[in-house]
Number of protein chains: 2
Amino acid sequence: MDDLTELLKGVLEGAVMQILRHRSTYGYEIVRALNGAGFASVSEGTVYPILLRLEKKGCVEVMQQRSEVGPPRKVYTLNTAGEAALEGFWQRWEFISTRLQDIKENGND
Amino acid sequence: MDDLTELLKGVLEGAVMQILRHRSTYGYEIVRALNGAGFASVSEGTVYPILLRLEKKGCVEVMQQRSEVGPPRKVYTLNTAGEAALEGFWQRWEFISTRLQDIKENGND
DNA sequence: GCAGTTACCTCGTAACGCTTGGTACCAGTA
DNA sequence: TACTGGTACCAAGCGTTACGAGGTAACTGC
């Protein structure tokens with residue numbers, strides 16, 4: 001798959017929130033989860049800013065946790081505000097999806 | 001619907017191409033088509049740059065056409081390269097859609 | 001003439017993904 | 001001890017995009 005960059009704008013934040021909703025976890029793990037999900041080219045330089053943004057927006061709780069195999073991890077948990085934001089994300093996604101489908105089907109007149 | 005800006009990145013170019021595939025038309029009309037399709041907040045300042053981009057990329061042919069109700073129109077037609085680009089867009093969209101659905105369903109482990 | 005509509009374009013801003021680079025902790029090995 | 005590689009985090013800067021604000025120009029009807 002060629003360059004997804006532009007289409008990924010906004011999407012990754014939703015994806016990260018969804019992953020966090022499923023289970024609390026940390027940045028490095030999220031990168032691997034996204035890679036495993038098919039977003040092969042998503043790297044740390046992309047995910048960490050997203051996590052910082054989510055933290056700044058108050059969508060997540062952060063907990064420092066010691067690791068056995070490396071430096072301490074920052075474990076993120078989606079809170080109530082985060083769940084609301086995620087809900088909003090899915091609504092927007094749904095909205096765009098259906099409009100786009102409409103346009104695809106009848107070119108829109 | 002609140003702010004779609006970020007999620008629209010890349011999407012609008014595809015939407016414009018799809019509209020052009022359905023019928024050759026001009027900028028002002030495309031704005032109205034998008035508005036009619038539900039993308040209410042999309043304005044000229046968004047669409048004209050997209051058309052210039054498509055032209056620069058060689059995805060469209062342009063024809064000046066006199067109007068009965070105002071200044072001359074620049075009528076855009078999707079060419080072969082444009083159709084290929086549109087095809088690529090739909091593939092990328094499909095790709096992201098399914099991956100996102102996966103993540104939504106099983107949080108991705 | 002003048003206003004209103006149609007139609008085009010440009011500029012500046014903000015957001016986001018991504019690359020690059022850097023820091024630091026830990027385990028294993030030579 | 002020194003080196004290597006994996007884990008884990010963060011910051012700075014670039015390019016692309018959507019979008020609001022503003023400007024220009026053609027045509028119609030009053």
# chains A, B, ... in the order shown; residues from 1 in each chain; ligands from 1
$ interface_residues --of "chain A" --to "chain D" --cutoff "9 Å" --atoms "only C-alpha atoms (C1' of nucleotides)" --output "PyMOL selection string"
chain A and resi 6+27-28+45+48-49+69-74
$ residues_around --residues "segment 78-82 of chain B" --least-positions-apart "3" --cutoff "12 Å" --atoms "only C-alpha atoms (C1' of nucleotides)" --output "PyMOL selection string"
chain B and resi 13-14+16-26+51+53-63+75+85-89
$ write_last_selection --atoms "C-alpha atoms" --output "compact mmCIF listing (two decimals), in the first residue's frame"
# COMPACT_ATOMS: atom_id res chain seq x y z
CA GLU B 13 -9.54 15.21 -3.02
CA GLY B 14 -11.04 11.75 -3.54
CA VAL B 16 -13.82 15.78 -5.91
CA MET B 17 -12.32 13.24 -8.26
CA GLN B 18 -15.33 10.98 -7.81
CA ILE B 19 -17.67 13.86 -8.64
CA LEU B 20 -15.59 14.66 -11.71
CA ARG B 21 -15.69 11.06 -12.77
CA HIS B 22 -19.45 11.19 -12.73
CA ARG B 23 -19.57 14.36 -14.79
CA SER B 24 -17.29 17.12 -15.94
CA THR B 25 -17.99 20.28 -14.01
CA TYR B 26 -16.46 23.39 -12.49
CA LEU B 51 -8.62 21.57 -8.33
CA ARG B 53 -3.58 20.39 -7.23
CA LEU B 54 -5.35 17.91 -9.49
CA GLU B 55 -4.43 20.00 -12.50
CA LYS B 56 -0.81 20.20 -11.42
CA LYS B 57 -0.72 16.44 -10.96
CA GLY B 58 -2.13 15.95 -14.44
CA CYS B 59 -5.28 14.21 -13.24
CA VAL B 60 -7.70 16.51 -15.04
CA GLU B 61 -8.22 18.35 -18.30
CA VAL B 62 -9.38 21.94 -18.13
CA MET B 63 -11.63 23.79 -20.52
CA VAL B 75 -14.71 22.98 -16.56
CA ALA B 85 -5.55 8.15 -8.95
CA LEU B 86 -9.18 7.78 -7.98
CA GLU B 87 -8.84 4.03 -8.04
CA GLY B 88 -5.85 4.33 -5.75
CA PHE B 89 -7.79 6.57 -3.43
$ select_by_dssp --residues "chain A" --states "strand (DSSP E or B)" --output "number ranges by chain"
A: 25-26, 60-65, 73-78
$ write_last_selection --atoms "N, CA and C atoms" --output "mmCIF file, in the first residue's frame"
data_model
loop_
_atom_site.group_PDB
_atom_site.id
_atom_site.type_symbol
_atom_site.label_atom_id
_atom_site.label_comp_id
_atom_site.auth_asym_id
_atom_site.auth_seq_id
_atom_site.Cartn_x
_atom_site.Cartn_y
_atom_site.Cartn_z
ATOM 1 N N THR A 25 -2.612 0.438 28.178
ATOM 2 C CA THR A 25 -1.294 0.016 27.720
ATOM 3 C C THR A 25 -0.391 1.221 27.503
ATOM 4 N N TYR A 26 0.786 0.990 26.978
ATOM 5 C CA TYR A 26 1.775 2.059 26.853
ATOM 6 C C TYR A 26 2.206 2.240 25.399
ATOM 7 N N VAL A 60 -7.041 10.769 28.932
ATOM 8 C CA VAL A 60 -6.419 9.568 29.491
ATOM 9 C C VAL A 60 -5.809 9.828 30.867
ATOM 10 N N GLU A 61 -5.705 8.742 31.640
ATOM 11 C CA GLU A 61 -4.963 8.788 32.899
ATOM 12 C C GLU A 61 -3.630 8.105 32.646
ATOM 13 N N VAL A 62 -2.598 8.591 33.310
ATOM 14 C CA VAL A 62 -1.267 8.040 33.089
ATOM 15 C C VAL A 62 -0.710 7.467 34.390
ATOM 16 N N MET A 63 -0.082 6.331 34.262
ATOM 17 C CA MET A 63 0.534 5.695 35.415
ATOM 18 C C MET A 63 1.917 5.212 35.068
ATOM 19 N N GLN A 64 2.886 5.596 35.866
ATOM 20 C CA GLN A 64 4.241 5.100 35.644
ATOM 21 C C GLN A 64 4.307 3.656 36.134
ATOM 22 N N GLN A 65 4.960 2.804 35.358
ATOM 23 C CA GLN A 65 5.033 1.407 35.748
ATOM 24 C C GLN A 65 6.399 0.841 35.387
ATOM 25 N N ARG A 73 7.571 2.289 31.998
ATOM 26 C CA ARG A 73 6.553 2.559 30.990
ATOM 27 C C ARG A 73 5.530 3.552 31.506
ATOM 28 N N LYS A 74 4.971 4.306 30.590
ATOM 29 C CA LYS A 74 3.841 5.165 30.935
ATOM 30 C C LYS A 74 2.573 4.473 30.439
ATOM 31 N N VAL A 75 1.853 3.909 31.377
ATOM 32 C CA VAL A 75 0.647 3.166 31.011
ATOM 33 C C VAL A 75 -0.554 4.114 30.949
ATOM 34 N N TYR A 76 -1.221 4.132 29.814
ATOM 35 C CA TYR A 76 -2.353 5.034 29.590
ATOM 36 C C TYR A 76 -3.679 4.310 29.731
ATOM 37 N N THR A 77 -4.624 4.987 30.372
ATOM 38 C CA THR A 77 -5.968 4.441 30.517
ATOM 39 C C THR A 77 -6.982 5.461 30.027
ATOM 40 N N LEU A 78 -7.902 5.014 29.199
ATOM 41 C CA LEU A 78 -8.935 5.914 28.693
ATOM 42 C C LEU A 78 -9.925 6.239 29.817
#
$ interface_residues --of "chain C" --to "chain B" --cutoff "12 Å" --atoms "only C-alpha atoms (C1' of nucleotides)" --output "list in words"
DG4, DT5, DT6, DA7, DC8, DC9, DT10, DC11, DA14, DA15, DC16 and DG17 of chain C
$ write_last_selection --atoms "C-alpha atoms (C1' of nucleotides)" --output "CSV table (one decimal), in the first residue's frame"
chain,number,residue,atom,x,y,z
C,4,DG,C1',-26.4,41.0,-6.3
C,5,DT,C1',-25.1,36.6,-8.0
C,6,DT,C1',-21.8,33.8,-10.1
C,7,DA,C1',-17.1,32.4,-10.5
C,8,DC,C1',-12.4,32.4,-9.7
C,9,DC,C1',-8.1,32.8,-6.9
C,10,DT,C1',-4.6,33.9,-3.0
C,11,DC,C1',-2.8,34.3,1.6
C,14,DA,C1',-3.6,25.5,12.5
C,15,DA,C1',-3.4,20.6,12.8
C,16,DC,C1',-1.4,16.3,11.8
C,17,DG,C1',1.8,12.5,10.3
$ interface_residues --of "chain B" --to "chain A" --cutoff "8 Å" --atoms "only C-alpha atoms" --output "JSON list (two decimals) with C-alpha atoms, in the first residue's frame"
[["chain", "number", "residue", "atom", "x", "y", "z"],
["B", 1, "MET", "CA", -21.68, 17.56, 13.24],
["B", 4, "LEU", "CA", -14.48, 17.20, 10.55],
["B", 6, "GLU", "CA", -8.76, 16.52, 10.32],
["B", 7, "LEU", "CA", -10.67, 13.48, 9.19],
["B", 8, "LEU", "CA", -11.32, 15.17, 5.86],
["B", 9, "LYS", "CA", -7.63, 15.37, 4.99],
["B", 10, "GLY", "CA", -7.15, 13.52, 1.78],
["B", 11, "VAL", "CA", -10.81, 12.57, 1.63],
["B", 15, "ALA", "CA", -14.56, 13.11, -3.30],
["B", 18, "GLN", "CA", -15.33, 10.98, -7.81],
["B", 19, "ILE", "CA", -17.67, 13.86, -8.64],
["B", 20, "LEU", "CA", -15.59, 14.66, -11.71],
["B", 21, "ARG", "CA", -15.69, 11.06, -12.77],
["B", 22, "HIS", "CA", -19.45, 11.19, -12.73],
["B", 23, "ARG", "CA", -19.57, 14.36, -14.79],
["B", 33, "ALA", "CA", -22.34, 19.35, -4.78],
["B", 34, "LEU", "CA", -20.22, 18.70, -1.70],
["B", 36, "GLY", "CA", -25.47, 19.03, -0.91],
["B", 37, "ALA", "CA", -23.79, 15.72, -0.12],
["B", 38, "GLY", "CA", -23.61, 16.66, 3.55],
["B", 39, "PHE", "CA", -20.18, 18.27, 3.68],
["B", 92, "ARG", "CA", -6.47, 3.33, 0.37],
["B", 93, "TRP", "CA", -9.84, 4.24, 1.78],
["B", 96, "ILE", "CA", -7.99, 2.09, 6.25],
["B", 99, "ARG", "CA", -8.15, -1.94, 9.50],
["B", 100, "LEU", "CA", -10.10, 0.52, 11.58],
["B", 102, "ASP", "CA", -10.70, -4.59, 12.91],
["B", 103, "ILE", "CA", -9.39, -2.42, 15.70],
["B", 104, "LYS", "CA", -12.89, -1.43, 16.67],
["B", 106, "ASN", "CA", -11.10, -6.63, 18.82],
["B", 107, "GLY", "CA", -9.06, -3.70, 20.11],
["B", 108, "ASN", "CA", -6.30, -5.51, 18.29],
["B", 109, "ASP", "CA", -4.19, -8.07, 20.04]]
$ atom_distance --atom1 "atom CA of Glu94 of chain B" --atom2 "atom CA of Glu83 of chain A"
25.4 Å
$ atom_distance --atom1 "atom C1' of DG21 of chain C" --atom2 "atom CA of Val42 of chain A"
17.4 Å
$ select_by_dssp --residues "chain B" --states "alpha helix (DSSP H)" --output "ChimeraX atom specification"
/B:5-8,11-22,27-36,44-56,80-106
$ atom_distance --atom1 "atom C1' of DG12 of chain C" --atom2 "atom CA of Ser43 of chain B"
16.3 Å
$ decode --residues "segment 3-99 of chain A" --atoms "C-alpha atoms" --output "short mmCIF file (atom, residue, chain, number, x, y, z; two decimals), in the first residue's frame"
data_model
loop_
_atom_site.label_atom_id
_atom_site.label_comp_id
_atom_site.auth_asym_id
_atom_site.auth_seq_id
_atom_site.Cartn_x
_atom_site.Cartn_y
_atom_site.Cartn_z
CA ASP A 3 1.21 6.54 1.05
CA LEU A 4 -1.63 6.66 3.55
CA THR A 5 -0.32 9.74 5.30
CA GLU A 6 -3.05 12.18 4.43
CA LEU A 7 -5.90 9.77 4.91
CA LEU A 8 -4.53 8.83 8.31
CA LYS A 9 -4.91 12.35 9.68
CA GLY A 10 -7.22 12.18 12.61
CA VAL A 11 -7.72 8.47 12.15
CA LEU A 12 -4.74 7.39 14.23
CA GLU A 13 -5.90 9.32 17.26
CA GLY A 14 -9.17 7.42 17.06
CA ALA A 15 -7.37 4.13 16.60
CA VAL A 16 -5.18 4.76 19.62
CA MET A 17 -8.19 5.65 21.76
CA GLN A 18 -9.96 2.51 20.62
CA ILE A 19 -6.96 0.38 21.55
CA LEU A 20 -6.82 2.07 24.95
CA ARG A 21 -10.47 1.43 25.45
CA HIS A 22 -9.88 -2.24 24.96
CA ARG A 23 -7.01 -2.33 27.42
CA SER A 24 -4.74 0.07 29.23
CA THR A 25 -1.29 0.02 27.72
CA TYR A 26 1.78 2.06 26.85
CA GLY A 27 3.23 3.76 23.82
CA TYR A 28 5.66 1.19 22.60
CA GLU A 29 3.00 -1.48 22.76
CA ILE A 30 0.54 0.67 20.86
CA VAL A 31 3.02 1.09 18.05
CA ARG A 32 3.27 -2.68 17.75
CA ALA A 33 -0.48 -3.09 17.96
CA LEU A 34 -0.97 -0.63 15.10
CA ASN A 35 1.74 -2.31 13.07
CA GLY A 36 0.10 -5.65 13.70
CA ALA A 37 -3.23 -4.22 12.65
CA GLY A 38 -1.84 -3.42 9.24
CA PHE A 39 -0.64 0.13 9.78
CA ALA A 40 2.87 -1.08 9.15
CA SER A 41 4.57 2.24 8.75
CA VAL A 42 3.27 3.89 11.90
CA SER A 43 6.21 4.54 14.19
CA GLU A 44 7.00 5.93 17.62
CA GLY A 45 7.42 9.45 16.33
CA THR A 46 3.76 9.29 15.38
CA VAL A 47 2.29 7.59 18.42
CA TYR A 48 3.99 9.48 21.23
CA PRO A 49 2.74 12.87 20.09
CA ILE A 50 -0.76 11.40 19.94
CA LEU A 51 -0.47 10.15 23.52
CA LEU A 52 0.81 13.52 24.70
CA ARG A 53 -2.11 15.17 22.93
CA LEU A 54 -4.61 12.81 24.54
CA GLU A 55 -3.04 13.52 27.90
CA LYS A 56 -3.17 17.26 27.34
CA LYS A 57 -6.83 17.02 26.36
CA GLY A 58 -7.57 15.07 29.52
CA CYS A 59 -8.74 11.96 27.70
CA VAL A 60 -6.42 9.57 29.49
CA GLU A 61 -4.96 8.79 32.90
CA VAL A 62 -1.27 8.04 33.09
CA MET A 63 0.53 5.70 35.42
CA GLN A 64 4.24 5.10 35.64
CA GLN A 65 5.03 1.41 35.75
CA ARG A 66 8.35 -0.36 36.05
CA SER A 67 9.31 -2.73 33.32
CA GLU A 68 11.41 -5.88 33.59
CA VAL A 69 12.99 -5.46 30.23
CA GLY A 70 13.72 -1.77 29.89
CA PRO A 71 13.01 1.70 31.14
CA PRO A 72 9.75 2.43 33.02
CA ARG A 73 6.55 2.56 30.99
CA LYS A 74 3.84 5.17 30.93
CA VAL A 75 0.65 3.17 31.01
CA TYR A 76 -2.35 5.03 29.59
CA THR A 77 -5.97 4.44 30.52
CA LEU A 78 -8.93 5.91 28.69
CA ASN A 79 -11.13 7.89 31.08
CA THR A 80 -14.71 9.13 30.77
CA ALA A 81 -13.75 12.15 28.70
CA GLY A 82 -11.75 9.85 26.48
CA GLU A 83 -14.68 7.54 25.95
CA ALA A 84 -16.79 10.51 24.94
CA ALA A 85 -14.10 11.67 22.54
CA LEU A 86 -13.87 8.19 21.08
CA GLU A 87 -17.63 8.13 20.65
CA GLY A 88 -17.41 11.43 18.80
CA PHE A 89 -14.67 10.09 16.64
CA TRP A 90 -16.74 7.11 15.55
CA GLN A 91 -19.66 9.38 14.80
CA ARG A 92 -17.53 11.59 12.59
CA TRP A 93 -16.03 8.57 10.91
CA GLU A 94 -19.46 7.11 10.28
CA PHE A 95 -20.65 10.45 8.92
CA ILE A 96 -17.80 10.79 6.45
CA SER A 97 -18.04 7.14 5.46
CA THR A 98 -21.67 7.34 4.50
CA ARG A 99 -21.35 10.68 2.66
#
